[in-house]
Number of protein chains: 2
Amino acid sequence: VSADLAEGVRRGDPRAVARALTWVENGTEEGAALLRALGGRARAAHRVGVTGPPGAGKSTLVSALAGLWRAAGRKVGILAVDPSSPFTGGALLGDRIRMGAHAGDPSVFIRSLATRGALGGLAPGVDDAADVLEVAGFDPVVVETVGVGQGEVEIAKAADTTVVVLAPGAGDEIQGMKAGLLEVADLIVVNQADREGAHRLLASLEAALGLSARKAPPILRTVATTGAGVDDLRERIDARADGARAEVAERRRARARGRVRAEVDRRRAKDFWSGRDQALDEAARAVAEGRATVAEAAERFREGMP
Amino acid sequence: VSADLAEGVRRGDPRAVARALTWVENGTEEGAALLRALGGRARAAHRVGVTGPPGAGKSTLVSALAGLWRAAGRKVGILAVDPSSPFTGGALLGDRIRMGAHAGDPSVFIRSLATRGALGGLAPGVDDAADVLEVAGFDPVVVETVGVGQGEVEIAKAADTTVVVLAPGAGDEIQGMKAGLLEVADLIVVNQADREGAHRLLASLEAALGLSARKAPPILRTVATTGAGVDDLRERIDARADGARAEVAERRRARARGRVRAEVDRRRAKDFWSGRDQALDEAARAVAEGRATVAEAAERFREGMP
């Protein structure tokens with residue numbers, strides 16, 4: 001079954017791609033078998049991370065970029081990582097609805113992914129899903145996330161090129177958030193650049209970048225709703241695929257390192273805790289009732305024990 | 001040294017508390033020794049999580065609540081979890097500055113914590129820091145986070161009572177975000193309830209809660225800047241400490257379970273990867289160059305191998 005599905009993905013059959021993404025996202029054995037069937041050979045799709053605070057217009061900008069890439073004859077994969085409910089585990093449809101402009105175009109593949117559980121972050125589901133889109137011939141593969149908290153770190157790991165989108169007045173309650181975002185940016189976009197406050201945002205960005213030790217990334221201005229500046233952004237993104245090969249290769253190695261390590265840790269933890277449910281419950285009760293510290297309870301779980 | 005420091009924390013000495021939090025936050029051996037010295041006995045502080053999108057006025061609301069608890073003679077601990085830079089690792093000062101009203105009051109202890117690394121989330125640093133404040137006599141201990149993405153899941157795990165703060169127009173770009181937030185809420189606050197759009201927000205909240213399978217949490221209205229409604233909120237929070245004992249005990253067991261498991265996983269991973277740097281580099285190169293899938297590379301790392 002996974003060999004057939006892999007063949008469908010290689011042909012770029014949308015239904016095969018959709019099914020493959022579901023398998024891979026669920027992290028099942030079938031998904032792992034599929035990834036093996038797809039093979040590990042080197043792939044070329046440019047992975048573009050787009051992050052920024054809520055309200056900066058990321059989805060509208062990604063949709064506008066997708067239109068330009070389509071016009072250039074490219075197939076565009078878009079993974080929208082939505083905050084998921086801890087209880088339903090379901091992904092949400094907001095971004096898909098927003099992308100209505102590309103509905104029915106088989107060369108723009110949009111998928112909302114849930115972030116999985118506390119340790120989920122973006123990995124491993126998003127990287128695997130991006131692999132599937134790559135094999136299916138989508139290039140670039142865009143990963144859009146909300147960049148608040150962990151988001152920006154994770155997206156920087158998952159992307160060859162990270163675009164940070166800001167807008168006047170959007171999500172800048174906590175000034176410091178921007179600092180973390182700026183440090184992972186390969187390109188900075190001030191979207192809604194026609195709005196009041198855009199000049200102040202630009203000035204504060206330039207001041208913040210001036211203080212930073214690293215080489216400042218370019219700042220571009222866009223108005224995603226009208227398309228102004230978006231083609232310049234597309235050119236800059238595409239130029240990185242050609243111009244920053246060594247850096248991209250280094251990032252891919254670092255990303256592969258993190259993925260292998262996380263996968264090994266996941267498997268070892270799964271093996272270890274299998275059959276230790278009751279021992280863990282007892283340890284938890286001891287901690288909750290004040291009879292042991294977390295460290296003391298953890299100490300008792302050595303290999304083979306208890 | 002940790003015995004002396006533990007004694008200082010038990011007396012509630014602010015300098016000892018500050019130092020203890022630094023040890024604990026850094027996750028050092030000293031921090032672990034301190035937590036052991038503080039002991040694992042059952043503690044009573046009510047842990048209150050406050051979360052919501054950027055711009056909802058969480059810090060202002062927490063500051064107003066702190067004023068009311070102070071007036072009632074209680075010592076208030078506040079942990080503000082800021083998004084941290086992946087490169088500097090530093091915590092940011094935004095919230096501390098915003099809490100200026102309580103500067104110099106030793107009975108209001110405010111600390112900004114960094115989230116640590118990709119797998120950090122809130123655990124384990126925040127739970128440990130809350131333990132320290134509890135021993136030092138702070139009750140309640142308030143944990144404030146930005147509730148976008150992982151935040152809401154994590155805070156629900158770390159809190160006895162979770163307060164979700166929303167405001168008209170703040171951070172509601174992605175409708176679905178609210179769904180995840182609402183599911184973890186014990187209390188919902190519409191802050192800035194005097195603003196335009198508050199009625200619409202209330203109506204959409206009631207509609208969303210009506211669709212949910214679980215019992216709807218109460219919705220309160222506040223204007224944190226003037227203090228309107230904040231005393232009612234404080235009463236509701238305090239009432240939960242008395243009224244929801246069984247539920248709180250169950251949450252504490254679940255939290256202890258997660259903490260023990262994460263600590264065991266962390267120790268086992270640390271042991272396992274020690275001395276395997278080169279093997280991991282080689283595996284990463286094979287994946288990056290397309291000679292193996294992540295699953296295949298992970299497969300090769302069995303106990304004692306390679």
# chains A, B, ... in the order shown; residues from 1 in each chain; ligands from 1

$ residues_around --residues "B:Val230" --least-positions-apart "4" --cutoff "8 Å" --atoms "only C-alpha atoms" --output "PyMOL selection string"
chain B and resi 61+64-65+222-224+234

$ residues_around --residues "stretch 276-289 of chain A" --least-positions-apart "3" --cutoff "12 Å" --atoms "only C-alpha atoms" --output "JSON, numbers by chain"
{"A": [269, 270, 271, 272, 273, 292, 293, 294, 295, 296, 297, 298, 299, 300, 301, 302, 303, 304, 305, 306], "B": [36, 39, 40, 41, 42, 43, 44, 131, 248, 249, 250, 251, 252, 253, 254, 255, 256, 257, 258, 259, 260, 261, 262, 263, 264]}

$ closest_residue --among "B:Asp160, B:Ala6, B:Ala66, B:Leu133" --to "B:Glu247" --atoms "only C-alpha atoms"
B:Asp160

$ select_by_dssp --residues "stretch 198-255 of chain A" --states "alpha helix (DSSP H)" --output "PyMOL selection string"
chain A and resi 198-211+230-243+245-255

$ write_last_selection --atoms "C-alpha atoms" --output "mmCIF file, in the first residue's frame"
data_model
loop_
_atom_site.group_PDB
_atom_site.id
_atom_site.type_symbol
_atom_site.label_atom_id
_atom_site.label_comp_id
_atom_site.auth_asym_id
_atom_site.auth_seq_id
_atom_site.Cartn_x
_atom_site.Cartn_y
_atom_site.Cartn_z
ATOM 1 C CA ALA A 198 4.807 51.988 9.542
ATOM 2 C CA HIS A 199 7.536 54.623 9.694
ATOM 3 C CA ARG A 200 7.838 54.243 13.447
ATOM 4 C CA LEU A 201 8.027 50.455 13.100
ATOM 5 C CA LEU A 202 10.755 50.749 10.454
ATOM 6 C CA ALA A 203 12.738 53.167 12.613
ATOM 7 C CA SER A 204 12.495 50.905 15.664
ATOM 8 C CA LEU A 205 13.508 47.880 13.573
ATOM 9 C CA GLU A 206 16.545 49.676 12.215
ATOM 10 C CA ALA A 207 17.501 50.748 15.722
ATOM 11 C CA ALA A 208 17.096 47.192 17.050
ATOM 12 C CA LEU A 209 19.102 45.704 14.179
ATOM 13 C CA GLY A 210 21.822 48.302 14.674
ATOM 14 C CA LEU A 211 22.331 47.013 18.233
ATOM 15 C CA VAL A 230 5.357 41.329 -2.949
ATOM 16 C CA ASP A 231 7.203 40.647 -6.200
ATOM 17 C CA ASP A 232 10.361 42.199 -4.744
ATOM 18 C CA LEU A 233 9.966 39.878 -1.744
ATOM 19 C CA ARG A 234 9.513 36.862 -4.031
ATOM 20 C CA GLU A 235 12.715 37.768 -5.882
ATOM 21 C CA ARG A 236 14.657 38.058 -2.637
ATOM 22 C CA ILE A 237 13.383 34.687 -1.462
ATOM 23 C CA ASP A 238 14.232 33.022 -4.767
ATOM 24 C CA ALA A 239 17.679 34.636 -4.795
ATOM 25 C CA ARG A 240 18.501 32.959 -1.489
ATOM 26 C CA ALA A 241 17.878 29.529 -2.989
ATOM 27 C CA ASP A 242 20.658 30.253 -5.475
ATOM 28 C CA GLY A 243 22.943 32.482 -3.446
ATOM 29 C CA ARG A 245 23.785 27.284 -0.905
ATOM 30 C CA ALA A 246 26.485 26.641 1.681
ATOM 31 C CA GLU A 247 24.383 28.175 4.434
ATOM 32 C CA VAL A 248 21.328 26.218 3.349
ATOM 33 C CA ALA A 249 23.322 22.949 3.295
ATOM 34 C CA GLU A 250 24.624 23.637 6.790
ATOM 35 C CA ARG A 251 21.098 24.317 8.043
ATOM 36 C CA ARG A 252 19.871 21.101 6.489
ATOM 37 C CA ARG A 253 22.549 19.125 8.321
ATOM 38 C CA ALA A 254 21.622 20.828 11.607
ATOM 39 C CA ARG A 255 17.971 20.115 10.923
#

$ residues_around --residues "A:Phe138" --least-positions-apart "6" --cutoff "6 Å" --atoms "only C-alpha atoms" --output "MDAnalysis selection string"
chainID A and resid 75:77

$ atom_distance --atom1 "atom CA of A:Val164" --atom2 "atom CA of A:Gln192"
13.6 Å
